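As structure tokens, the structure follows; a few thoughts come after it.
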Amino acid sequence: MPASVIVGLQWGDEGKGKTTDFLAEQVSTVVRYQGGDNAGHTIVIGDDTFKLHLVPSGVLYGHITPIIGPGVVVNPATLIREFDGLISRGIDVSRVRVSHAAHLILPHHIALDKARESALAGDKVGTTQRGIGPAYEDRAARLGLRVEDLLDPASAAARLARVLPEKRALLAALGATDYAEAVDADAVVAMIATWGERLRPHIADTNDLVQRAYARKEHLLFEGAQGAMLDLDHGSYPFVTSSHPIAGGAATGGGIAPLQIDEVMGVMKAYATRVGSGPFVTELTDAIGERIAVTGHEVGTTTGRRRRVGWNDAVPLRYAVELNGVSSIMLNKLDVLSGIPEIRLCVAYEIDGRRVDRWPASSADLARATAIYETFPGWEEEITNVRAMADLPVNARRYVTALEEVAGAPIVLLSVGPERTQTIERAWRPLRHGAR
Ligand code: GDP
Ligand code: IMO
Ligand code: MG
């Protein structure tokens with residue numbers, strides 16, 4: 001299995017950090033291929049919790065080369081802060097490589113993200129305000145600065161001299177305040193020079209690193225951020241992120257070719273969550289939703305916002321499995337449902353009196369959809385110490401089987417707690433060295 005992609009099947013925060021960390025033990029390279037520091041991936045090892053935003057989750061293993069690929073948008077300030085945080089905890093970051101072709105998030109992107117959201121008033125996307133959308137806009141407009149520009153402040157200054165007047169006008173038109181420093185070319189060039197000196201040893205042609213590792217038949221893991229339902233083209237536009245979290249994004253943003261990918265592991269939770277605005281057909285606003293949010297600690301890793309919570313929904317799940325070509329699934333957070341008397345699973349939508357099994361192509365249809373549920377009896381037992389499928393309560397097994405059936409792909413890994421070892425392996429092949 002030389003190249004596997006890990007992809008979120010819902011709206012992000014499915015536990016991709018835990019999944020990547022769990023599988024990383026047996027690989028040589030972990031590559032982030034899209035998104036930026038809007039991501040927040042949590043890894044728990046013993047009593048230690050790590051929250052990673054830009055650095056690939058494989059960094060915690062000494063033998064791995066963590067790569068930030070060309071499809072990622074990089075805020076150098078965040079990256080350096082994350083490096084310093086990891087170094088202070090004894091983690092070696094010297095192996096991290098950042099693509100010379102990844103685009104930079106600069107202060108004016110963050111100012112614009114905030115200004116656009118304010119201007120949208122009641123129609124906010126609910127972005128993480130990390131400048132993600134504006135940085136990808138500049139990439140598409142061929143106005144962006146890239147990581148390689150950190151090494152050439154003079155050329156960066158010339159590019160910024162063309163870009164910043166336009167940004168200043170835009171920020172003023174949007175009614176932004178406090179942006180003077182973000183559009184001050186001298187101040188930004190000074191930052192670029194400092195960032196460049198610090199990041200110089202990490203900047204590389206990561207496509208070459210990926211292809212050479214592949215040629216050596218090493219196993220590479222591509223760590224998606226966000227989730228399929230937040231994909232720019234395939235999610236619930238405009239309530240999406242500005243990149244391609246789907247597995248295909250690994251090919252455009254990670255430096256691997258489609259036919260080199262031979263495994264796509266979809267990651268989902270036992271229920272659903274969403275941060276920010278946008279349709280959420282199975283959303284729970286009652287005491288059960290509150291209970292799941294509290295038990296599951298459903299608070300955003302990046303922004304600290306409370307996540308919206310709902311029942312699992314087979315309609316987007318089937319769509320995400322198709323769109324990503326999912327070959328196996330890791331199901332996380334099953335433990336959070338312990339003690340809930342009755343668990344619901346949305347199996348189809350009702351739109352204008354019709355039953356609809358497929359993800360609606362039109363946003364207007366989606367806005368009118370209501371959930372058709374199947375109900376499953378819950379289980380009382382605490383399951384955080386279970387390590388084999390056979391030891392799960394029978395009702396938990398029934399629910400897992402039902403999820404597997406509606407998803408149409410095998411659930412090969414099950415997580416019953418945040419810690420690395422709170423994991424049940426069902427795969428036909430060992431997923432880790434020395435497993436079983
Ligand atoms: P990601 O963005 O997909 O990596 O997910 P996040 O890290 O943002 O959110 C997942 C949260 O659930 C983190 O706090 C994890 O530590 C936690 N988590 C992951 N798997 C499990 C699990 O099986 N049970 C419980 N209770 N928590 C889990
Ligand atoms: P991980 O990798 C959950 C959401 C935001 C907002 C929308 C657009 O931890 O799963 P953006 O800042 O990207 O322009 O915001 O996308 N969003 C996430 N939601 N998990 C994430 O990342 C997210 N990254 C962005 O809340 O609705
Ligand atoms: Mg997250």
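The way I read the labels, and the way they are meant: chains A, B, ... in the order of the structure tokens, residue 1 as the first residue of every chain, and ligand 1 as the first ligand shown, with later ones counted on from there.
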
Could you pull out the residues sitting within 9 Å of ligand 2, using only C-alpha atoms and all ligand atoms, and write them as a PyMOL selection string? chain A and resi 8+10-17+35-42+52-53+113+124-134+224-227+230-231+238-243+245+273-278+300-303+305+307

Residues of segment 149-382 of chain A classed as alpha helix (DSSP H) by DSSP on the backbone are to be reported as a ChimeraX atom specification. /A:153-173,185-199,206-215,248-254,287-295,314-324,363-368

What parts of segment 17-234 of chain A does DSSP call strand (DSSP E)? I'd like the answer as an MDAnalysis selection string. chainID A and resid 29:32 41:45 48:52 65:68 73:74 97:99 103:104 203:204 220:223

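Here atom CA of Gly289 of chain A is placed at a distance of 21.9 Å from atom CA of Leu414 of chain A.
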
Compile the contact shell of segment 256-262 of chain A as a PyMOL selection string: residues with an atom at most 8 Å away, counting only C-alpha atoms, same-chain residues fewer than 2 positions apart removed. chain A and resi 1-5+207+210-211+248+250-252+254+264

For N, CA and C atoms, I'd like the residues from the last selection saved as a PDB file, in the first residue's frame.
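The result, stored in result-v4.pdb:
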ATOM      1  N   MET A   1       0.842  -1.202   0.000  1.00  0.00           N
ATOM      2  CA  MET A   1       0.000   0.000   0.000  1.00  0.00           C
ATOM      3  C   MET A   1       0.875   1.249   0.000  1.00  0.00           C
ATOM      4  N   PRO A   2       1.434   1.656  -1.105  1.00  0.00           N
ATOM      5  CA  PRO A   2       2.377   2.784  -1.041  1.00  0.00           C
ATOM      6  C   PRO A   2       1.743   4.156  -0.846  1.00  0.00           C
ATOM      7  N   ALA A   3       0.487   4.372  -1.224  1.00  0.00           N
ATOM      8  CA  ALA A   3      -0.069   5.722  -1.041  1.00  0.00           C
ATOM      9  C   ALA A   3      -1.525   5.653  -0.579  1.00  0.00           C
ATOM     10  N   SER A   4      -1.784   6.177   0.608  1.00  0.00           N
ATOM     11  CA  SER A   4      -3.143   6.191   1.162  1.00  0.00           C
ATOM     12  C   SER A   4      -3.556   7.627   1.437  1.00  0.00           C
ATOM     13  N   VAL A   5      -4.832   7.897   1.184  1.00  0.00           N
ATOM     14  CA  VAL A   5      -5.368   9.230   1.492  1.00  0.00           C
ATOM     15  C   VAL A   5      -6.349   9.083   2.655  1.00  0.00           C
ATOM     16  N   ASN A 207       7.165  17.865  -4.204  1.00  0.00           N
ATOM     17  CA  ASN A 207       6.709  16.881  -5.202  1.00  0.00           C
ATOM     18  C   ASN A 207       7.817  15.867  -5.468  1.00  0.00           C
ATOM     19  N   VAL A 210       8.018  13.445  -2.553  1.00  0.00           N
ATOM     20  CA  VAL A 210       6.912  12.480  -2.610  1.00  0.00           C
ATOM     21  C   VAL A 210       7.205  11.418  -3.672  1.00  0.00           C
ATOM     22  N   GLN A 211       7.595  11.868  -4.850  1.00  0.00           N
ATOM     23  CA  GLN A 211       7.808  10.915  -5.944  1.00  0.00           C
ATOM     24  C   GLN A 211       9.011  10.004  -5.683  1.00  0.00           C
ATOM     25  N   GLY A 248      -9.394  13.524  -4.299  1.00  0.00           N
ATOM     26  CA  GLY A 248      -8.794  14.064  -5.517  1.00  0.00           C
ATOM     27  C   GLY A 248      -7.870  15.239  -5.222  1.00  0.00           C
ATOM     28  N   ALA A 250      -5.683  15.369  -3.046  1.00  0.00           N
ATOM     29  CA  ALA A 250      -4.324  14.878  -2.752  1.00  0.00           C
ATOM     30  C   ALA A 250      -3.486  14.887  -4.021  1.00  0.00           C
ATOM     31  N   ALA A 251      -4.149  14.647  -5.173  1.00  0.00           N
ATOM     32  CA  ALA A 251      -3.414  14.623  -6.434  1.00  0.00           C
ATOM     33  C   ALA A 251      -3.048  16.048  -6.869  1.00  0.00           C
ATOM     34  N   THR A 252      -3.995  16.989  -6.735  1.00  0.00           N
ATOM     35  CA  THR A 252      -3.655  18.349  -7.167  1.00  0.00           C
ATOM     36  C   THR A 252      -2.758  19.041  -6.153  1.00  0.00           C
ATOM     37  N   GLY A 254      -0.975  17.501  -3.404  1.00  0.00           N
ATOM     38  CA  GLY A 254       0.017  16.734  -2.640  1.00  0.00           C
ATOM     39  C   GLY A 254       1.175  16.215  -3.456  1.00  0.00           C
ATOM     40  N   VAL A 264      -8.136   4.807   0.003  1.00  0.00           N
ATOM     41  CA  VAL A 264      -8.735   6.044   0.509  1.00  0.00           C
ATOM     42  C   VAL A 264      -9.499   5.682   1.774  1.00  0.00           C
TER      43      VAL A 264
END

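When the distance limit is 8 Å and only C-alpha atoms are what count, the residues near Cys346 of chain A, minus those fewer than 3 positions from it on the same chain, are Thr282, Trp311, Asn312, Asp313, Ala314, Val315, Tyr349, Ala371, Ile372, Tyr373 and Glu374 of chain A.
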
Selection export as a JSON list (two decimals), in the first residue's frame, atoms kept: N, CA, C and O atoms:
[["chain", "number", "residue", "atom", "x", "y", "z"],
["A", 282, "THR", "N", -29.85, 17.10, 9.92],
["A", 282, "THR", "CA", -30.08, 16.27, 11.11],
["A", 282, "THR", "C", -29.69, 16.98, 12.41],
["A", 282, "THR", "O", -29.51, 16.34, 13.44],
["A", 311, "TRP", "N", -27.62, 14.00, 14.36],
["A", 311, "TRP", "CA", -27.54, 12.56, 14.10],
["A", 311, "TRP", "C", -26.73, 12.31, 12.84],
["A", 311, "TRP", "O", -26.62, 13.19, 11.97],
["A", 312, "ASN", "N", -26.22, 11.12, 12.72],
["A", 312, "ASN", "CA", -25.50, 10.76, 11.51],
["A", 312, "ASN", "C", -26.47, 10.76, 10.32],
["A", 312, "ASN", "O", -27.65, 10.45, 10.48],
["A", 313, "ASP", "N", -25.93, 11.10, 9.15],
["A", 313, "ASP", "CA", -26.78, 11.30, 7.98],
["A", 313, "ASP", "C", -26.24, 10.50, 6.81],
["A", 313, "ASP", "O", -25.17, 10.79, 6.27],
["A", 314, "ALA", "N", -26.99, 9.45, 6.42],
["A", 314, "ALA", "CA", -26.52, 8.56, 5.35],
["A", 314, "ALA", "C", -26.54, 9.23, 3.98],
["A", 314, "ALA", "O", -25.85, 8.78, 3.07],
["A", 315, "VAL", "N", -27.31, 10.31, 3.82],
["A", 315, "VAL", "CA", -27.41, 10.92, 2.48],
["A", 315, "VAL", "C", -26.07, 11.55, 2.07],
["A", 315, "VAL", "O", -25.49, 11.15, 1.06],
["A", 349, "TYR", "N", -34.00, 11.80, 2.65],
["A", 349, "TYR", "CA", -34.65, 13.09, 2.91],
["A", 349, "TYR", "C", -36.06, 13.07, 2.34],
["A", 349, "TYR", "O", -36.36, 12.33, 1.41],
["A", 371, "ALA", "N", -35.41, 15.18, 7.52],
["A", 371, "ALA", "CA", -34.80, 13.85, 7.65],
["A", 371, "ALA", "C", -35.84, 12.75, 7.81],
["A", 371, "ALA", "O", -36.83, 12.92, 8.53],
["A", 372, "ILE", "N", -35.60, 11.61, 7.14],
["A", 372, "ILE", "CA", -36.37, 10.38, 7.42],
["A", 372, "ILE", "C", -35.41, 9.50, 8.22],
["A", 372, "ILE", "O", -34.32, 9.17, 7.75],
["A", 373, "TYR", "N", -35.83, 9.14, 9.44],
["A", 373, "TYR", "CA", -34.92, 8.44, 10.34],
["A", 373, "TYR", "C", -35.23, 6.96, 10.47],
["A", 373, "TYR", "O", -36.39, 6.55, 10.39],
["A", 374, "GLU", "N", -34.17, 6.16, 10.70],
["A", 374, "GLU", "CA", -34.32, 4.82, 11.25],
["A", 374, "GLU", "C", -33.82, 4.90, 12.67],
["A", 374, "GLU", "O", -32.87, 5.63, 12.95]]

Identify, on the basis of only C-alpha atoms, every residue whose closest approach to Gly71 of chain A does not exceed 6 Å; exclude the query and any residue fewer than 5 positions from it along the same chain; express the result as a ChimeraX atom specification. /A:33-34,102,253

Can you pull out every residue within 12 Å of Lys18 of chain A, counting only C-alpha atoms, but drop anything in the same chain fewer than 6 positions away, and send it as a ChimeraX atom specification? /A:6,8,24-25,40-45,49-52,56-58,60,223,267-269,330-333,413-423

Write out the residues from the selection above, keeping N, CA and C atoms, as a short mmCIF file (atom, residue, chain, number, x, y, z; two decimals), in the first residue's frame.
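And here's again-v7.cif as it stands now:
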data_model
loop_
_atom_site.label_atom_id
_atom_site.label_comp_id
_atom_site.auth_asym_id
_atom_site.auth_seq_id
_atom_site.Cartn_x
_atom_site.Cartn_y
_atom_site.Cartn_z
N ILE A 6 -6.25 10.00 3.60
CA ILE A 6 -7.19 10.05 4.73
C ILE A 6 -8.08 11.26 4.52
N GLY A 8 -11.86 13.39 5.44
CA GLY A 8 -13.04 13.56 6.29
C GLY A 8 -14.30 13.36 5.45
N ALA A 24 0.09 6.38 11.00
CA ALA A 24 1.40 6.93 10.61
C ALA A 24 2.56 6.05 11.04
N GLU A 25 2.34 5.23 12.04
CA GLU A 25 3.43 4.41 12.56
C GLU A 25 4.11 3.60 11.45
N GLY A 40 -7.70 22.01 12.65
CA GLY A 40 -7.24 21.76 14.01
C GLY A 40 -7.34 20.26 14.23
N HIS A 41 -6.21 19.58 14.25
CA HIS A 41 -6.18 18.12 14.36
C HIS A 41 -5.61 17.74 15.72
N THR A 42 -6.38 16.96 16.47
CA THR A 42 -5.99 16.64 17.84
C THR A 42 -5.44 15.21 17.92
N ILE A 43 -4.34 15.08 18.64
CA ILE A 43 -3.75 13.76 18.86
C ILE A 43 -3.52 13.61 20.36
N VAL A 44 -3.97 12.49 20.91
CA VAL A 44 -3.79 12.27 22.34
C VAL A 44 -2.96 11.00 22.53
N ILE A 45 -1.81 11.17 23.19
CA ILE A 45 -0.94 10.02 23.48
C ILE A 45 -0.70 10.02 24.98
N THR A 49 -1.70 15.92 25.02
CA THR A 49 -2.58 16.30 23.91
C THR A 49 -1.85 17.28 23.01
N PHE A 50 -1.88 17.00 21.71
CA PHE A 50 -1.27 17.89 20.72
C PHE A 50 -2.37 18.38 19.79
N LYS A 51 -2.38 19.69 19.55
CA LYS A 51 -3.35 20.26 18.60
C LYS A 51 -2.56 20.86 17.45
N LEU A 52 -2.68 20.25 16.28
CA LEU A 52 -1.88 20.68 15.13
C LEU A 52 -2.76 21.40 14.12
N PRO A 56 1.81 18.39 9.64
CA PRO A 56 1.14 17.08 9.48
C PRO A 56 1.22 16.23 10.75
N SER A 57 0.17 15.45 10.98
CA SER A 57 0.07 14.69 12.24
C SER A 57 1.18 13.67 12.43
N GLY A 58 1.89 13.29 11.39
CA GLY A 58 2.98 12.33 11.52
C GLY A 58 4.19 12.85 12.28
N LEU A 60 4.81 13.49 15.17
CA LEU A 60 5.10 12.95 16.50
C LEU A 60 5.94 11.67 16.45
N GLU A 223 -2.85 13.45 4.40
CA GLU A 223 -3.75 13.81 5.50
C GLU A 223 -4.67 14.96 5.08
N VAL A 267 -12.94 9.09 7.09
CA VAL A 267 -13.06 9.20 8.55
C VAL A 267 -14.40 9.83 8.88
N MET A 268 -15.14 9.19 9.77
CA MET A 268 -16.42 9.76 10.21
C MET A 268 -16.60 9.55 11.69
N LYS A 269 -17.49 10.36 12.28
CA LYS A 269 -17.82 10.13 13.67
C LYS A 269 -19.14 9.36 13.74
N MET A 330 -12.75 4.69 8.98
CA MET A 330 -12.52 4.68 10.43
C MET A 330 -13.68 5.44 11.07
N LEU A 331 -14.33 4.78 12.00
CA LEU A 331 -15.47 5.36 12.70
C LEU A 331 -15.01 5.80 14.08
N ASN A 332 -15.09 7.10 14.35
CA ASN A 332 -14.60 7.64 15.63
C ASN A 332 -15.75 8.01 16.57
N LYS A 333 -15.42 8.12 17.84
CA LYS A 333 -16.31 8.68 18.86
C LYS A 333 -17.57 7.83 19.13
N LEU A 413 -11.62 0.38 11.18
CA LEU A 413 -11.09 0.88 12.46
C LEU A 413 -12.21 1.59 13.19
N LEU A 414 -12.24 1.38 14.51
CA LEU A 414 -13.27 2.00 15.34
C LEU A 414 -12.58 2.65 16.52
N SER A 415 -13.00 3.87 16.85
CA SER A 415 -12.35 4.55 17.95
C SER A 415 -13.34 4.72 19.09
N VAL A 416 -12.87 4.42 20.30
CA VAL A 416 -13.75 4.48 21.47
C VAL A 416 -13.22 5.44 22.53
N GLY A 417 -12.35 6.34 22.12
CA GLY A 417 -11.80 7.35 23.03
C GLY A 417 -10.72 8.11 22.28
N PRO A 418 -10.34 9.28 22.79
CA PRO A 418 -9.38 10.11 22.05
C PRO A 418 -7.95 9.56 22.02
N GLU A 419 -7.60 8.73 22.97
CA GLU A 419 -6.21 8.28 23.09
C GLU A 419 -5.83 7.32 21.97
N ARG A 420 -4.54 7.38 21.57
CA ARG A 420 -4.04 6.58 20.44
C ARG A 420 -4.45 5.10 20.54
N THR A 421 -4.38 4.53 21.75
CA THR A 421 -4.64 3.08 21.87
C THR A 421 -6.13 2.75 22.05
N GLN A 422 -6.98 3.75 22.17
CA GLN A 422 -8.43 3.47 22.34
C GLN A 422 -9.05 3.20 20.97
N THR A 423 -8.55 2.14 20.35
CA THR A 423 -8.88 1.87 18.96
C THR A 423 -9.12 0.38 18.75
#

Of the candidates A:Tyr399, A:Gly304, A:Gly249, A:His219, which one gets nearest to ligand 3 if we count only C-alpha atoms and all ligand atoms? A:Gly304

Using atom CA of Val73 of chain A and atom CA of Arg306 of chain A as the two end points, give the distance in Å to one decimal. 24.9 Å

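Counting only C-alpha atoms and all ligand atoms and comparing A:Val299, A:Glu283, A:Leu9, A:Arg81, the residue that lies closest to ligand 3 is A:Val299.
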
Which value, in Å to one decimal, gives the distance between atom CA of Arg355 of chain A and atom CA of Val281 of chain A? 14.1 Å

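The smallest atom-to-atom distance between ligand 3 and any of A:Leu54, A:Leu221, A:Thr375, A:Phe83, using only C-alpha atoms and all ligand atoms, is found for A:Leu54.
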
Option closest in space to ligand 3, from A:Glu405, A:Glu166, A:Asp152, A:Glu298 [counting only C-alpha atoms and all ligand atoms]: A:Glu298

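Using only C-alpha atoms, the shortest contact distance between Glu404 of chain A and any of A:Ala287, A:Ala228, A:Ala369, A:Val326 is found at A:Val326.
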
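Take the candidates A:Ile203, A:Leu23, A:Val7, A:Ala187 and check each one against Ser94 of chain A using only C-alpha atoms; the shortest distance goes to A:Ile203.
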